[in-house]
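Peer 1: To start, I am sharing the structure in question, which I have written as structure tokens.
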Amino acid sequence: MNMIKLIASDLDGTLLLNGSQAPSSRAIELIHQLYEKGILFVVATGRQYPNVRNMFSPIKDEIGYICENGCLLYYQNQELSFQPMDEQLAKQVILDIENHDECEALVSGKNTSYLKPKTKAYYHHMKDVVKNDVTLVEDLLNIPEPYFKLAIYQKDGVKDISYWREKYGEDLTIHTSGNVWFDINPKGINKGSALLKLMNHLNIPKEETMAFGDNENDIEMLETVQYSFAMEKAKDSVKSYAKEITTNVEEYLEKVLKEES
């Protein structure tokens, strides 16, 4: 294995296992040790930036952030990239979500999630379980900032997104991102495109990169790095893009540290 300079990891189902909503103290310590050795850890997630920054508060200025599935990229508290969506297209999708009774919409803002919940349970889930900063609105077609990532929540599980791909796939990037979520991004914007921007910004070649993921929204990121790992519980379609399979990210963080010592 070449000297590693950057390690990117998805959160839910990858670094965060069994429904956990925060990294372990061991993960925090390992990431800090990597930082001290000049190895950058990058969170790559569909979650919002304030949520993730708070989650990693002990080391919040020591890591990079790919948030909202690549629509937002932050490094050293500086916004390196923001990828908005066409407003009319975003509004068309939102109306479509609102017309599907089993679907709840999450409209991302840079620092908040805009919700017009159909049920109190969905609001509770986003605010108290996921711990997003949330803003309730009367009209999702009238938010005070540009649209970029849209997410669809289905509490009974995401089973088939062919309708959305057939209708919007030519104009937007659509990926499942968890058991009850799928995400809609501007076309060509994903975790991989954001990671490549960060690698270029820091002049880190592919040969010195590693990444971990478990869902469709991680595929482009796994393709971008030299050392790619899919979680054992990932779908076979995701595993096919990884060079290795693992059950635990922390184990490999330890391996990288040992090789660097």
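Here's how to read the names in the structure tokens: chain A, B, ... by the order shown, residue numbers from 1 in each chain, ligand numbers from 1 in the order shown.
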Set the distance at 6 Å and use only C-alpha atoms: which residues neighbour Gln48 in chain A once local chain neighbours fewer than 3 positions away are removed? I'd like the list as number ranges by chain.
Peer 2: A: 51, 67-68
Peer 1: Write out, as a PDB file, in the first residue's frame, the residues just selected, with N, CA and C atoms.
Peer 2:
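Written out: out20.pdb:
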ATOM      1  N   ASN A  51     -24.781  19.724  11.057  1.00  0.00           N
ATOM      2  CA  ASN A  51     -24.998  18.467  11.753  1.00  0.00           C
ATOM      3  C   ASN A  51     -23.690  17.704  11.903  1.00  0.00           C
ATOM      4  N   CYS A  67     -20.483  17.267   2.079  1.00  0.00           N
ATOM      5  CA  CYS A  67     -21.837  17.172   2.618  1.00  0.00           C
ATOM      6  C   CYS A  67     -22.873  17.245   1.495  1.00  0.00           C
ATOM      7  N   GLU A  68     -24.084  16.872   1.848  1.00  0.00           N
ATOM      8  CA  GLU A  68     -25.200  16.903   0.888  1.00  0.00           C
ATOM      9  C   GLU A  68     -24.836  16.154  -0.392  1.00  0.00           C
TER      10      GLU A  68
END
Peer 1: Need the shell around range 109-126 of chain A: protein/DNA/RNA residues with any atom at most 9 Å away, counting only C-alpha atoms. Skip same-chain ones fewer than 4 positions apart. Format as a PDB file with N, CA and C atoms, in the first residue's frame?
Peer 2:
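Result file follows (selection-v8.pdb):
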ATOM      1  N   GLN A  48     -26.279  17.270   6.416  1.00  0.00           N
ATOM      2  CA  GLN A  48     -25.993  18.698   6.337  1.00  0.00           C
ATOM      3  C   GLN A  48     -24.706  19.033   7.092  1.00  0.00           C
ATOM      4  N   TYR A  49     -24.042  20.109   6.668  1.00  0.00           N
ATOM      5  CA  TYR A  49     -22.754  20.513   7.237  1.00  0.00           C
ATOM      6  C   TYR A  49     -22.818  20.817   8.741  1.00  0.00           C
ATOM      7  N   PRO A  50     -23.760  21.625   9.240  1.00  0.00           N
ATOM      8  CA  PRO A  50     -23.768  21.904  10.680  1.00  0.00           C
ATOM      9  C   PRO A  50     -23.952  20.645  11.524  1.00  0.00           C
ATOM     10  N   ASN A  51     -24.781  19.724  11.057  1.00  0.00           N
ATOM     11  CA  ASN A  51     -24.998  18.467  11.753  1.00  0.00           C
ATOM     12  C   ASN A  51     -23.690  17.704  11.903  1.00  0.00           C
ATOM     13  N   GLU A  68     -24.084  16.872   1.848  1.00  0.00           N
ATOM     14  CA  GLU A  68     -25.200  16.903   0.888  1.00  0.00           C
ATOM     15  C   GLU A  68     -24.836  16.154  -0.392  1.00  0.00           C
ATOM     16  N   LEU A  72     -21.940  20.294  -1.359  1.00  0.00           N
ATOM     17  CA  LEU A  72     -21.177  21.226  -0.525  1.00  0.00           C
ATOM     18  C   LEU A  72     -19.852  20.594  -0.139  1.00  0.00           C
ATOM     19  N   GLU A  98     -44.575  15.853  -3.140  1.00  0.00           N
ATOM     20  CA  GLU A  98     -45.753  16.199  -2.342  1.00  0.00           C
ATOM     21  C   GLU A  98     -47.003  15.442  -2.808  1.00  0.00           C
ATOM     22  N   ASP A 101     -48.107  10.169  -1.525  1.00  0.00           N
ATOM     23  CA  ASP A 101     -48.464  10.113  -0.105  1.00  0.00           C
ATOM     24  C   ASP A 101     -47.399   9.438   0.750  1.00  0.00           C
ATOM     25  N   CYS A 103     -44.219   9.557   0.424  1.00  0.00           N
ATOM     26  CA  CYS A 103     -42.930  10.257   0.371  1.00  0.00           C
ATOM     27  C   CYS A 103     -42.962  11.555   1.183  1.00  0.00           C
ATOM     28  N   GLU A 104     -41.887  11.793   1.918  1.00  0.00           N
ATOM     29  CA  GLU A 104     -41.675  13.068   2.601  1.00  0.00           C
ATOM     30  C   GLU A 104     -40.478  13.752   1.960  1.00  0.00           C
ATOM     31  N   ALA A 105     -40.541  15.065   1.818  1.00  0.00           N
ATOM     32  CA  ALA A 105     -39.456  15.822   1.191  1.00  0.00           C
ATOM     33  C   ALA A 105     -38.536  16.445   2.238  1.00  0.00           C
ATOM     34  N   VAL A 130     -32.077  12.324  13.808  1.00  0.00           N
ATOM     35  CA  VAL A 130     -30.972  12.715  12.921  1.00  0.00           C
ATOM     36  C   VAL A 130     -30.259  13.955  13.454  1.00  0.00           C
ATOM     37  N   LYS A 131     -31.003  14.783  14.189  1.00  0.00           N
ATOM     38  CA  LYS A 131     -30.486  16.003  14.818  1.00  0.00           C
ATOM     39  C   LYS A 131     -30.054  17.055  13.795  1.00  0.00           C
ATOM     40  N   ASN A 132     -30.804  17.152  12.720  1.00  0.00           N
ATOM     41  CA  ASN A 132     -30.595  18.236  11.767  1.00  0.00           C
ATOM     42  C   ASN A 132     -31.113  19.551  12.340  1.00  0.00           C
ATOM     43  N   ASP A 133     -30.524  20.641  11.897  1.00  0.00           N
ATOM     44  CA  ASP A 133     -31.143  21.942  12.085  1.00  0.00           C
ATOM     45  C   ASP A 133     -32.292  21.991  11.076  1.00  0.00           C
ATOM     46  N   VAL A 134     -33.521  22.160  11.556  1.00  0.00           N
ATOM     47  CA  VAL A 134     -34.671  22.114  10.650  1.00  0.00           C
ATOM     48  C   VAL A 134     -35.469  23.411  10.719  1.00  0.00           C
ATOM     49  N   THR A 135     -36.030  23.788   9.598  1.00  0.00           N
ATOM     50  CA  THR A 135     -36.888  24.968   9.495  1.00  0.00           C
ATOM     51  C   THR A 135     -38.209  24.554   8.869  1.00  0.00           C
ATOM     52  N   LEU A 136     -39.300  24.728   9.595  1.00  0.00           N
ATOM     53  CA  LEU A 136     -40.622  24.413   9.072  1.00  0.00           C
ATOM     54  C   LEU A 136     -41.107  25.557   8.191  1.00  0.00           C
ATOM     55  N   VAL A 137     -41.634  25.220   7.021  1.00  0.00           N
ATOM     56  CA  VAL A 137     -42.123  26.243   6.090  1.00  0.00           C
ATOM     57  C   VAL A 137     -43.529  25.878   5.619  1.00  0.00           C
ATOM     58  N   GLU A 138     -44.262  26.889   5.198  1.00  0.00           N
ATOM     59  CA  GLU A 138     -45.601  26.676   4.643  1.00  0.00           C
ATOM     60  C   GLU A 138     -45.536  26.222   3.195  1.00  0.00           C
ATOM     61  N   ASP A 139     -44.431  26.590   2.516  1.00  0.00           N
ATOM     62  CA  ASP A 139     -44.334  26.324   1.082  1.00  0.00           C
ATOM     63  C   ASP A 139     -42.890  25.998   0.717  1.00  0.00           C
ATOM     64  N   LEU A 140     -42.625  24.747   0.344  1.00  0.00           N
ATOM     65  CA  LEU A 140     -41.271  24.334  -0.045  1.00  0.00           C
ATOM     66  C   LEU A 140     -40.859  24.928  -1.391  1.00  0.00           C
ATOM     67  N   ILE A 143     -38.391  28.976  -0.618  1.00  0.00           N
ATOM     68  CA  ILE A 143     -37.386  29.030   0.446  1.00  0.00           C
ATOM     69  C   ILE A 143     -36.430  30.187   0.159  1.00  0.00           C
ATOM     70  N   PRO A 144     -35.738  30.708   1.183  1.00  0.00           N
ATOM     71  CA  PRO A 144     -34.946  31.929   1.006  1.00  0.00           C
ATOM     72  C   PRO A 144     -33.520  31.724   0.491  1.00  0.00           C
ATOM     73  N   GLU A 145     -33.260  30.603  -0.172  1.00  0.00           N
ATOM     74  CA  GLU A 145     -31.914  30.368  -0.712  1.00  0.00           C
ATOM     75  C   GLU A 145     -32.010  29.398  -1.888  1.00  0.00           C
ATOM     76  N   PRO A 146     -30.925  29.220  -2.646  1.00  0.00           N
ATOM     77  CA  PRO A 146     -30.986  28.342  -3.817  1.00  0.00           C
ATOM     78  C   PRO A 146     -31.240  26.883  -3.430  1.00  0.00           C
ATOM     79  N   TYR A 147     -31.876  26.160  -4.329  1.00  0.00           N
ATOM     80  CA  TYR A 147     -32.051  24.717  -4.165  1.00  0.00           C
ATOM     81  C   TYR A 147     -30.758  24.028  -4.582  1.00  0.00           C
ATOM     82  N   PHE A 148     -30.403  22.955  -3.878  1.00  0.00           N
ATOM     83  CA  PHE A 148     -29.307  22.123  -4.381  1.00  0.00           C
ATOM     84  C   PHE A 148     -29.617  20.644  -4.202  1.00  0.00           C
ATOM     85  N   LYS A 149     -29.597  20.098  -2.992  1.00  0.00           N
ATOM     86  CA  LYS A 149     -29.948  18.682  -2.849  1.00  0.00           C
ATOM     87  C   LYS A 149     -31.364  18.519  -2.317  1.00  0.00           C
ATOM     88  N   TYR A 153     -37.772  10.743   1.798  1.00  0.00           N
ATOM     89  CA  TYR A 153     -37.841   9.808   2.926  1.00  0.00           C
ATOM     90  C   TYR A 153     -39.091   8.946   2.785  1.00  0.00           C
ATOM     91  N   LYS A 155     -40.735   6.047   5.125  1.00  0.00           N
ATOM     92  CA  LYS A 155     -40.554   5.410   6.431  1.00  0.00           C
ATOM     93  C   LYS A 155     -40.651   3.889   6.361  1.00  0.00           C
TER      94      LYS A 155
END
Peer 1: Just list the residues in range 92-176 of chain A DSSP gives helix (DSSP H, G or I) on the backbone, as an MDAnalysis selection string.
Peer 2: chainID A and resid 92:98 120:129 162:168
Peer 1: Would you mind reading off the distance between CA of Ser240 in chain A and CA of Leu16 in chain A, one decimal, in Å?
Peer 2: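 These two atoms are separated by 21.6 Å.
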Peer 1: Any chance you could tabulate, as a tab-separated table, the residues of range 17-108 of chain A at most 10 Å from range 160-181 of chain A with each one's nearest atom pair and distance in Å to one decimal, using only C-alpha atoms, in chain and rising number order?
Peer 2:
residue	atom	partner	partner_atom	distance
A:Thr45	CA	A:Ser177	CA	9.0
A:Gly46	CA	A:Ser177	CA	7.4
A:Asn69	CA	A:Ser177	CA	9.0
A:Met85	CA	A:Leu172	CA	8.7
A:Asp86	CA	A:Asp171	CA	9.7
A:Leu89	CA	A:Asp171	CA	8.6
A:Ala90	CA	A:Leu172	CA	9.6
A:Gln92	CA	A:Tyr168	CA	9.8
A:Val93	CA	A:Tyr168	CA	8.3
A:Asp96	CA	A:Trp164	CA	9.4
A:Ile97	CA	A:Trp164	CA	9.7
A:Cys103	CA	A:Trp181	CA	9.7
A:Glu104	CA	A:Trp181	CA	9.7
Peer 1: Apply DSSP to the structure's backbone, then extract all residues of range 92-182 of chain A labelled strand (DSSP E) and return them as number ranges by chain.
Peer 2: A: 104-108, 113-115, 134-136, 150-153, 172-176, 181-182
Peer 1: May I ask which of the residues A:Ser9, A:Asn200, A:Ile94, A:Glu223 is the closest one to Ile152 in chain A, counting only C-alpha atoms?
Peer 2: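 Going through A:Ser9, A:Asn200, A:Ile94, A:Glu223 one by one, the smallest distance to Ile152 in chain A is for A:Ile94.
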Peer 1: With a distance cut-off of 9 Å and only C-alpha atoms, select the neighbouring residues of Phe56 in chain A, excluding the residue or stretch itself and same-chain residues fewer than 5 positions from it, and output the selection as number ranges by chain.
Peer 2: A: 22-23, 28, 51, 61, 63
Peer 1: Using the selection just defined, write its residues with N, CA and C atoms as a tab-separated table (two decimals), in the first residue's frame.
Peer 2:
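Everything below was put into out-v7.tsv:
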chain	number	residue	atom	x	y	z
A	22	ALA	N	-23.57	9.03	16.03
A	22	ALA	CA	-22.34	9.74	16.34
A	22	ALA	C	-21.16	8.78	16.26
A	23	PRO	N	-19.98	9.26	15.85
A	23	PRO	CA	-18.80	8.39	15.81
A	23	PRO	C	-18.36	8.01	17.21
A	28	ILE	N	-12.89	9.02	16.85
A	28	ILE	CA	-12.44	10.40	17.00
A	28	ILE	C	-10.94	10.44	17.28
A	51	ASN	N	-24.78	19.72	11.06
A	51	ASN	CA	-25.00	18.47	11.75
A	51	ASN	C	-23.69	17.70	11.90
A	61	ASP	N	-12.05	20.99	13.24
A	61	ASP	CA	-11.18	21.76	12.35
A	61	ASP	C	-10.03	20.92	11.79
A	63	ILE	N	-10.63	17.97	9.98
A	63	ILE	CA	-11.13	17.08	8.93
A	63	ILE	C	-11.74	17.88	7.78
Peer 1: A:Lys60, A:Ser24, A:Ser81, A:Asp218: which is nearest His201 in chain A, counting only C-alpha atoms?
Peer 2: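 Closest to His201 in chain A of all the choices is A:Ser81.
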Peer 1: Nearest to Ile219 in chain A: which of A:Leu17, A:Met231, A:Ala44, A:Ala242 is it, counting only C-alpha atoms?
Peer 2: A:Ala242
Peer 1: Under the rule that only C-alpha atoms are counted, which of A:Lys191, A:Phe212, A:Lys127, A:Val42 is the nearest residue to Glu250 in chain A?
Peer 2: A:Phe212
Peer 1: Considering only C-alpha atoms, return as a list in words whatever protein or nucleic-acid residues lie within 10 Å of Glu254 in chain A, sequence-local ones (same chain, fewer than 6 positions apart) excluded.
Peer 2: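 Final neighbour list, sorted by chain and number: Ala27, Leu30, Ile31, Gln33, Leu34 and Glu260 of chain A.
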Peer 1: Which residue gives the smallest distance to Glu207 in chain A among A:Ser228, A:Gly188, A:Ala194, A:Glu79, with only C-alpha atoms counted?
Peer 2: A:Ser228
